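Text of the file work_0.tsv, holding TSV, N, CA, C and O atoms:
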```tsv
chain	number	residue	atom	x	y	z
P	1	MET	N	-19.06	-18.06	12.59
P	1	MET	CA	-19.58	-17.63	11.29
P	1	MET	C	-18.62	-16.61	10.68
P	1	MET	O	-18.22	-15.66	11.31
P	2	LYS	N	-18.28	-16.81	9.47
P	2	LYS	CA	-17.38	-15.94	8.74
P	2	LYS	C	-18.23	-14.99	7.90
P	2	LYS	O	-19.04	-15.43	7.11
P	3	GLU	N	-18.06	-13.68	8.11
P	3	GLU	CA	-18.82	-12.69	7.36
P	3	GLU	C	-17.84	-11.84	6.56
P	3	GLU	O	-17.01	-11.15	7.10
P	4	GLU	N	-17.94	-11.92	5.24
P	4	GLU	CA	-17.07	-11.14	4.37
P	4	GLU	C	-17.95	-10.31	3.45
P	4	GLU	O	-18.78	-10.85	2.74
P	5	HIS	N	-17.80	-9.02	3.52
P	5	HIS	CA	-18.57	-8.12	2.67
P	5	HIS	C	-17.85	-7.92	1.35
P	5	HIS	O	-16.64	-7.76	1.32
P	6	ASP	N	-18.59	-7.93	0.29
P	6	ASP	CA	-18.02	-7.71	-1.04
P	6	ASP	C	-18.31	-6.28	-1.46
P	6	ASP	O	-19.43	-5.96	-1.82
P	7	PHE	N	-17.29	-5.43	-1.37
P	7	PHE	CA	-17.45	-4.04	-1.75
P	7	PHE	C	-16.87	-3.76	-3.14
P	7	PHE	O	-16.73	-2.62	-3.54
P	8	SER	N	-16.49	-4.79	-3.85
P	8	SER	CA	-15.89	-4.59	-5.17
P	8	SER	C	-16.96	-4.25	-6.20
P	8	SER	O	-18.11	-4.65	-6.08
P	9	LYS	N	-16.57	-3.53	-7.21
P	9	LYS	CA	-17.51	-3.16	-8.27
P	9	LYS	C	-17.89	-4.37	-9.12
P	9	LYS	O	-19.00	-4.50	-9.56
P	10	GLY	N	-16.94	-5.24	-9.37
P	10	GLY	CA	-17.19	-6.36	-10.26
P	10	GLY	C	-17.91	-7.52	-9.62
P	10	GLY	O	-18.35	-8.43	-10.30
P	11	GLY	N	-18.05	-7.52	-8.30
P	11	GLY	CA	-18.74	-8.61	-7.63
P	11	GLY	C	-18.03	-9.94	-7.77
P	11	GLY	O	-18.65	-10.98	-7.78
P	12	GLN	N	-16.73	-9.93	-7.89
P	12	GLN	CA	-15.98	-11.16	-8.07
P	12	GLN	C	-15.61	-11.83	-6.75
P	12	GLN	O	-14.83	-12.75	-6.72
P	13	GLY	N	-16.19	-11.34	-5.65
P	13	GLY	CA	-15.92	-11.94	-4.36
P	13	GLY	C	-14.64	-11.45	-3.71
P	13	GLY	O	-14.23	-11.96	-2.69
P	14	LYS	N	-14.00	-10.49	-4.28
P	14	LYS	CA	-12.77	-9.95	-3.70
P	14	LYS	C	-13.11	-8.71	-2.90
P	14	LYS	O	-13.97	-7.93	-3.28
P	15	PHE	N	-12.41	-8.56	-1.81
P	15	PHE	CA	-12.61	-7.40	-0.96
P	15	PHE	C	-11.55	-6.40	-1.34
P	15	PHE	O	-10.41	-6.49	-0.92
P	16	TYR	N	-11.90	-5.46	-2.18
P	16	TYR	CA	-10.94	-4.46	-2.62
P	16	TYR	C	-11.68	-3.19	-2.95
P	16	TYR	O	-12.61	-3.20	-3.74
P	17	ILE	N	-11.29	-2.13	-2.32
P	17	ILE	CA	-11.87	-0.83	-2.58
P	17	ILE	C	-10.77	0.06	-3.14
P	17	ILE	O	-9.79	0.33	-2.44
P	18	PRO	N	-10.88	0.48	-4.39
P	18	PRO	CA	-9.87	1.39	-4.90
P	18	PRO	C	-9.86	2.65	-4.05
P	18	PRO	O	-10.91	3.22	-3.75
P	19	MET	N	-8.69	3.04	-3.62
P	19	MET	CA	-8.59	4.24	-2.79
P	19	MET	C	-7.29	4.95	-3.07
P	19	MET	O	-6.35	4.38	-3.59
P	20	GLU	N	-7.30	6.19	-2.74
P	20	GLU	CA	-6.09	6.99	-2.89
P	20	GLU	C	-5.73	7.55	-1.52
P	20	GLU	O	-6.58	8.12	-0.84
P	21	ASN	N	-4.51	7.35	-1.12
P	21	ASN	CA	-4.02	7.85	0.15
P	21	ASN	C	-2.85	8.79	-0.11
P	21	ASN	O	-2.21	8.71	-1.15
P	22	THR	N	-2.58	9.62	0.85
P	22	THR	CA	-1.44	10.52	0.76
P	22	THR	C	-0.41	10.08	1.79
P	22	THR	O	-0.72	9.92	2.97
P	23	PHE	N	0.80	9.85	1.33
P	23	PHE	CA	1.91	9.48	2.19
P	23	PHE	C	3.01	10.53	2.06
P	23	PHE	O	2.96	11.38	1.18
P	24	THR	N	4.00	10.44	2.92
P	24	THR	CA	5.11	11.39	2.90
P	24	THR	C	6.33	10.74	2.27
P	24	THR	O	6.88	9.79	2.83
P	25	ALA	N	6.74	11.23	1.10
P	25	ALA	CA	7.94	10.74	0.44
P	25	ALA	C	9.13	11.57	0.90
P	25	ALA	O	9.08	12.80	0.89
P	26	ILE	N	10.19	10.88	1.31
P	26	ILE	CA	11.44	11.54	1.67
P	26	ILE	C	12.44	11.17	0.58
P	26	ILE	O	12.70	9.99	0.34
P	27	ILE	N	12.98	12.17	-0.10
P	27	ILE	CA	13.94	11.95	-1.19
P	27	ILE	C	15.23	12.66	-0.84
P	27	ILE	O	15.23	13.86	-0.54
P	28	LEU	N	16.31	11.91	-0.89
P	28	LEU	CA	17.63	12.44	-0.53
P	28	LEU	C	18.58	12.33	-1.72
P	28	LEU	O	18.61	11.32	-2.42
P	29	LYS	N	19.36	13.35	-1.92
P	29	LYS	CA	20.41	13.34	-2.95
P	29	LYS	C	21.59	12.55	-2.41
P	29	LYS	O	22.03	12.77	-1.28
P	30	VAL	N	22.08	11.61	-3.21
P	30	VAL	CA	23.28	10.85	-2.87
P	30	VAL	C	24.25	10.95	-4.03
P	30	VAL	O	23.94	11.52	-5.07
P	31	GLU	N	25.42	10.40	-3.87
P	31	GLU	CA	26.48	10.55	-4.87
P	31	GLU	C	26.07	10.14	-6.28
P	31	GLU	O	26.36	10.83	-7.24
P	32	ASN	N	25.34	9.03	-6.41
P	32	ASN	CA	25.00	8.51	-7.74
P	32	ASN	C	23.53	8.67	-8.11
P	32	ASN	O	23.01	7.91	-8.90
P	33	GLY	N	22.86	9.65	-7.54
P	33	GLY	CA	21.45	9.87	-7.85
P	33	GLY	C	20.66	10.25	-6.62
P	33	GLY	O	21.04	11.16	-5.89
P	34	TYR	N	19.57	9.52	-6.39
P	34	TYR	CA	18.67	9.83	-5.29
P	34	TYR	C	18.19	8.54	-4.65
P	34	TYR	O	18.08	7.51	-5.32
P	35	ILE	N	17.88	8.62	-3.36
P	35	ILE	CA	17.21	7.53	-2.67
P	35	ILE	C	15.94	8.10	-2.07
P	35	ILE	O	15.84	9.30	-1.80
P	36	GLY	N	14.95	7.25	-1.89
P	36	GLY	CA	13.70	7.73	-1.32
P	36	GLY	C	13.02	6.65	-0.51
P	36	GLY	O	13.26	5.45	-0.71
P	37	TYR	N	12.20	7.10	0.42
P	37	TYR	CA	11.40	6.17	1.21
P	37	TYR	C	10.10	6.85	1.62
P	37	TYR	O	9.98	8.07	1.58
P	38	VAL	N	9.14	6.04	2.00
P	38	VAL	CA	7.86	6.55	2.48
P	38	VAL	C	7.91	6.53	4.00
P	38	VAL	O	8.08	5.47	4.61
P	39	ALA	N	7.77	7.70	4.60
P	39	ALA	CA	7.95	7.86	6.05
P	39	ALA	C	6.99	6.97	6.86
P	39	ALA	O	7.38	6.42	7.87
P	40	GLU	N	5.77	6.83	6.40
P	40	GLU	CA	4.75	6.09	7.15
P	40	GLU	C	4.75	4.59	6.88
P	40	GLU	O	3.97	3.87	7.51
P	41	LEU	N	5.57	4.12	5.97
P	41	LEU	CA	5.45	2.73	5.53
P	41	LEU	C	6.81	2.05	5.45
P	41	LEU	O	7.47	2.06	4.41
P	42	PRO	N	7.25	1.45	6.55
P	42	PRO	CA	8.54	0.76	6.53
P	42	PRO	C	8.59	-0.27	5.39
P	42	PRO	O	7.62	-0.99	5.16
P	43	GLY	N	9.68	-0.29	4.68
P	43	GLY	CA	9.86	-1.22	3.57
P	43	GLY	C	9.60	-0.61	2.21
P	43	GLY	O	9.99	-1.17	1.19
P	44	ALA	N	8.95	0.55	2.18
P	44	ALA	CA	8.70	1.23	0.90
P	44	ALA	C	9.84	2.20	0.65
P	44	ALA	O	9.83	3.34	1.09
P	45	ASN	N	10.87	1.70	-0.01
P	45	ASN	CA	12.04	2.54	-0.32
P	45	ASN	C	12.58	2.17	-1.68
P	45	ASN	O	12.30	1.09	-2.21
P	46	THR	N	13.36	3.08	-2.26
P	46	THR	CA	13.86	2.87	-3.61
P	46	THR	C	15.04	3.79	-3.88
P	46	THR	O	15.45	4.57	-3.02
P	47	GLN	N	15.53	3.71	-5.08
P	47	GLN	CA	16.59	4.60	-5.54
P	47	GLN	C	16.39	4.88	-7.02
P	47	GLN	O	15.63	4.20	-7.70
P	48	GLY	N	17.06	5.89	-7.52
P	48	GLY	CA	16.96	6.22	-8.94
P	48	GLY	C	17.96	7.30	-9.31
P	48	GLY	O	18.55	7.94	-8.45
P	49	LEU	N	18.11	7.49	-10.61
P	49	LEU	CA	19.05	8.50	-11.10
P	49	LEU	C	18.46	9.91	-11.04
P	49	LEU	O	19.19	10.88	-10.96
P	50	THR	N	17.11	9.99	-11.12
P	50	THR	CA	16.45	11.29	-11.09
P	50	THR	C	15.37	11.30	-10.01
P	50	THR	O	14.90	10.24	-9.57
P	51	ILE	N	14.96	12.50	-9.62
P	51	ILE	CA	13.86	12.62	-8.65
P	51	ILE	C	12.59	12.02	-9.23
P	51	ILE	O	11.84	11.33	-8.54
P	52	LYS	N	12.34	12.27	-10.50
P	52	LYS	CA	11.14	11.72	-11.15
P	52	LYS	C	11.13	10.20	-11.06
P	52	LYS	O	10.10	9.59	-10.77
P	53	GLU	N	12.27	9.58	-11.34
P	53	GLU	CA	12.36	8.12	-11.28
P	53	GLU	C	12.09	7.62	-9.86
P	53	GLU	O	11.37	6.64	-9.66
P	54	VAL	N	12.63	8.30	-8.86
P	54	VAL	CA	12.42	7.90	-7.47
P	54	VAL	C	10.94	8.03	-7.10
P	54	VAL	O	10.37	7.16	-6.45
P	55	ARG	N	10.30	9.11	-7.53
P	55	ARG	CA	8.87	9.29	-7.25
P	55	ARG	C	8.04	8.14	-7.82
P	55	ARG	O	7.16	7.61	-7.15
P	56	GLU	N	8.30	7.80	-9.06
P	56	GLU	CA	7.55	6.70	-9.69
P	56	GLU	C	7.86	5.37	-9.00
P	56	GLU	O	6.95	4.57	-8.76
P	57	ASN	N	9.12	5.14	-8.68
P	57	ASN	CA	9.50	3.91	-7.99
P	57	ASN	C	8.84	3.82	-6.61
P	57	ASN	O	8.45	2.73	-6.17
P	58	LEU	N	8.72	4.97	-5.92
P	58	LEU	CA	8.09	4.97	-4.60
P	58	LEU	C	6.61	4.62	-4.70
P	58	LEU	O	6.07	3.93	-3.82
P	59	LYS	N	5.94	5.07	-5.74
P	59	LYS	CA	4.53	4.71	-5.92
P	59	LYS	C	4.40	3.20	-6.05
P	59	LYS	O	3.54	2.57	-5.43
P	60	GLU	N	5.25	2.60	-6.87
P	60	GLU	CA	5.20	1.16	-7.07
P	60	GLU	C	5.59	0.41	-5.79
P	60	GLU	O	4.95	-0.57	-5.42
P	61	ALA	N	6.62	0.88	-5.10
P	61	ALA	CA	7.04	0.24	-3.85
P	61	ALA	C	5.93	0.31	-2.80
P	61	ALA	O	5.69	-0.66	-2.07
P	62	THR	N	5.24	1.44	-2.74
P	62	THR	CA	4.15	1.60	-1.78
P	62	THR	C	3.03	0.61	-2.07
P	62	THR	O	2.52	-0.06	-1.18
P	63	LYS	N	2.65	0.50	-3.33
P	63	LYS	CA	1.61	-0.47	-3.72
P	63	LYS	C	2.03	-1.89	-3.34
P	63	LYS	O	1.23	-2.65	-2.80
P	64	MET	N	3.26	-2.23	-3.63
P	64	MET	CA	3.74	-3.58	-3.35
P	64	MET	C	3.74	-3.88	-1.85
P	64	MET	O	3.31	-4.96	-1.44
P	65	VAL	N	4.18	-2.94	-1.04
P	65	VAL	CA	4.22	-3.16	0.41
P	65	VAL	C	2.80	-3.28	0.97
P	65	VAL	O	2.51	-4.18	1.77
P	66	LEU	N	1.89	-2.41	0.54
P	66	LEU	CA	0.51	-2.48	1.03
P	66	LEU	C	-0.16	-3.78	0.62
P	66	LEU	O	-0.85	-4.41	1.43
P	67	GLU	N	0.04	-4.22	-0.62
P	67	GLU	CA	-0.54	-5.48	-1.07
P	67	GLU	C	0.04	-6.66	-0.30
P	67	GLU	O	-0.69	-7.57	0.10
P	68	ALA	N	1.35	-6.66	-0.09
P	68	ALA	CA	1.99	-7.75	0.65
P	68	ALA	C	1.49	-7.78	2.10
P	68	ALA	O	1.20	-8.85	2.64
P	69	ASN	N	1.38	-6.60	2.72
P	69	ASN	CA	0.89	-6.55	4.10
P	69	ASN	C	-0.53	-7.10	4.19
P	69	ASN	O	-0.87	-7.82	5.13
P	70	ARG	N	-1.38	-6.76	3.22
P	70	ARG	CA	-2.75	-7.27	3.21
P	70	ARG	C	-2.75	-8.79	3.07
P	70	ARG	O	-3.46	-9.49	3.78
P	71	GLU	N	-1.95	-9.31	2.16
P	71	GLU	CA	-1.90	-10.76	1.96
P	71	GLU	C	-1.39	-11.48	3.20
P	71	GLU	O	-1.94	-12.51	3.59
P	72	PHE	N	-0.35	-10.95	3.84
P	72	PHE	CA	0.18	-11.56	5.07
P	72	PHE	C	-0.88	-11.55	6.17
P	72	PHE	O	-1.07	-12.54	6.88
P	73	ALA	N	-1.57	-10.43	6.33
P	73	ALA	CA	-2.58	-10.32	7.37
P	73	ALA	C	-3.74	-11.29	7.13
P	73	ALA	O	-4.21	-11.96	8.05
P	74	GLU	N	-4.19	-11.38	5.89
P	74	GLU	CA	-5.30	-12.27	5.57
P	74	GLU	C	-4.92	-13.74	5.73
P	74	GLU	O	-5.76	-14.55	6.11
P	75	ALA	N	-3.68	-14.07	5.49
P	75	ALA	CA	-3.23	-15.45	5.65
P	75	ALA	C	-3.25	-15.88	7.12
P	75	ALA	O	-3.34	-17.07	7.43
P	76	GLU	N	-3.18	-14.92	8.04
P	76	GLU	CA	-3.15	-15.21	9.48
P	76	GLU	C	-4.54	-15.30	10.10
P	76	GLU	O	-4.67	-15.71	11.25
P	77	ILE	N	-5.59	-14.93	9.35
P	77	ILE	CA	-6.94	-14.92	9.91
P	77	ILE	C	-7.44	-16.34	10.10
P	77	ILE	O	-7.39	-17.16	9.19
P	78	GLU	N	-7.93	-16.62	11.29
P	78	GLU	CA	-8.54	-17.92	11.60
P	78	GLU	C	-9.85	-17.67	12.31
P	78	GLU	O	-10.01	-16.68	13.00
P	79	GLY	N	-10.78	-18.57	12.16
P	79	GLY	CA	-12.04	-18.47	12.89
P	79	GLY	C	-12.99	-17.46	12.28
P	79	GLY	O	-12.87	-17.07	11.13
P	80	ASP	N	-13.95	-17.05	13.10
P	80	ASP	CA	-14.96	-16.11	12.66
P	80	ASP	C	-14.38	-14.70	12.58
P	80	ASP	O	-13.61	-14.30	13.44
P	81	PHE	N	-14.77	-13.98	11.55
P	81	PHE	CA	-14.31	-12.60	11.43
P	81	PHE	C	-15.23	-11.79	10.53
P	81	PHE	O	-16.00	-12.34	9.76
P	82	ILE	N	-15.12	-10.51	10.69
P	82	ILE	CA	-15.80	-9.56	9.81
P	82	ILE	C	-14.72	-8.76	9.12
P	82	ILE	O	-13.79	-8.28	9.75
P	83	LYS	N	-14.84	-8.63	7.85
P	83	LYS	CA	-13.84	-7.91	7.04
P	83	LYS	C	-14.55	-6.74	6.38
P	83	LYS	O	-15.50	-6.93	5.62
P	84	GLU	N	-14.12	-5.51	6.71
P	84	GLU	CA	-14.77	-4.33	6.16
P	84	GLU	C	-13.77	-3.18	6.09
P	84	GLU	O	-12.76	-3.20	6.80
P	85	PRO	N	-14.04	-2.18	5.28
P	85	PRO	CA	-13.14	-1.03	5.19
P	85	PRO	C	-13.23	-0.16	6.43
P	85	PRO	O	-14.25	-0.15	7.13
P	86	ILE	N	-12.18	0.56	6.69
P	86	ILE	CA	-12.15	1.53	7.79
P	86	ILE	C	-11.51	2.80	7.25
P	86	ILE	O	-10.49	2.76	6.55
P	87	ASN	N	-12.13	3.92	7.52
P	87	ASN	CA	-11.62	5.20	7.07
P	87	ASN	C	-10.97	5.92	8.25
P	87	ASN	O	-11.57	5.99	9.32
P	88	VAL	N	-9.77	6.45	8.04
P	88	VAL	CA	-9.05	7.15	9.08
P	88	VAL	C	-8.57	8.49	8.53
P	88	VAL	O	-7.97	8.54	7.47
P	89	SER	N	-8.87	9.54	9.25
P	89	SER	CA	-8.40	10.87	8.88
P	89	SER	C	-7.43	11.35	9.95
P	89	SER	O	-7.70	11.21	11.14
P	90	ILE	N	-6.30	11.90	9.53
P	90	ILE	CA	-5.34	12.42	10.50
P	90	ILE	C	-5.01	13.86	10.15
P	90	ILE	O	-5.15	14.30	9.06
```
Would you kindly transcribe this structure into structure tokens?
Amino acid sequence: MKEEHDFSKGGQGKFYIPMENTFTAIILKVENGYIGYVAELPGANTQGLTIKEVRENLKEATKMVLEANREFAEAEIEGDFIKEPINVSI
């Protein structure tokens, strides 16, 4: 039996809970601007001419990596499962 809880506000059958997390951005000065990455999230990295640009790019890169990871994980699910949010404090 497949059990999927719908926690969305719109009730469209999607499992999505808007949330805000705090990650660690590492921004380094390089010859032609700045590079940055998210310490906790491999693959979330970017570059830019200004620190502000790198910060904004990192937000977008983080969203993209998290969404891609969710899609990859869901594509691998087979059989019976329960899908629900989990809260973690560190």
> atom O of Val38 (chain P) to atom C of Glu76 (chain P): how many Å, to one decimal?
Replying inline: 24.9 Å
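Excluding region 42-47 of chain P and any residue on its chain fewer than 6 positions from it, the residues at most 7 Å away by only C-alpha atoms are P:Tyr34, P:Ile35, P:Gly36, P:Val54, P:Asn57, P:Leu58, P:Ala61, P:Thr62, P:Val65.
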> Mind pulling up the distance from CA of Leu28 (chain P) to atom N of Glu40 (chain P)?
Replying inline: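 Interatomic distance, atom N of Glu40 (chain P) to CA of Leu28 (chain P): 14.8 Å.
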>> as a PyMOL selection string, please: every residue in chain P that a backbone DSSP assignment puts in alpha helix (DSSP H).
In response: chain P and resi 51-75
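Atom pair CA of Ala39 (chain P) / CA of Asn21 (chain P): separated by 13.3 Å.
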> Can you list every residue in chain P that DSSP puts in strand (DSSP E), as a PyMOL selection string?
Replying inline: chain P and resi 3-4+25-30+33-38+45-48+82-83
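Counting only C-alpha atoms and comparing P:Ile51, P:Leu41, P:Val88, P:Ala75, the residue that lies closest to Lys29 (chain P) is P:Ile51.
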Let me have the centre and edge lengths of the axis-aligned box enclosing all listed atoms of region 66-78 of chain P with 8 Å padding on every side, in Å to one decimal, as lines of an AutoDock Vina configuration file.
```
center_x = -4.0
center_y = -10.2
center_z = 6.0
size_x = 28.0
size_y = 31.5
size_z = 30.1
```
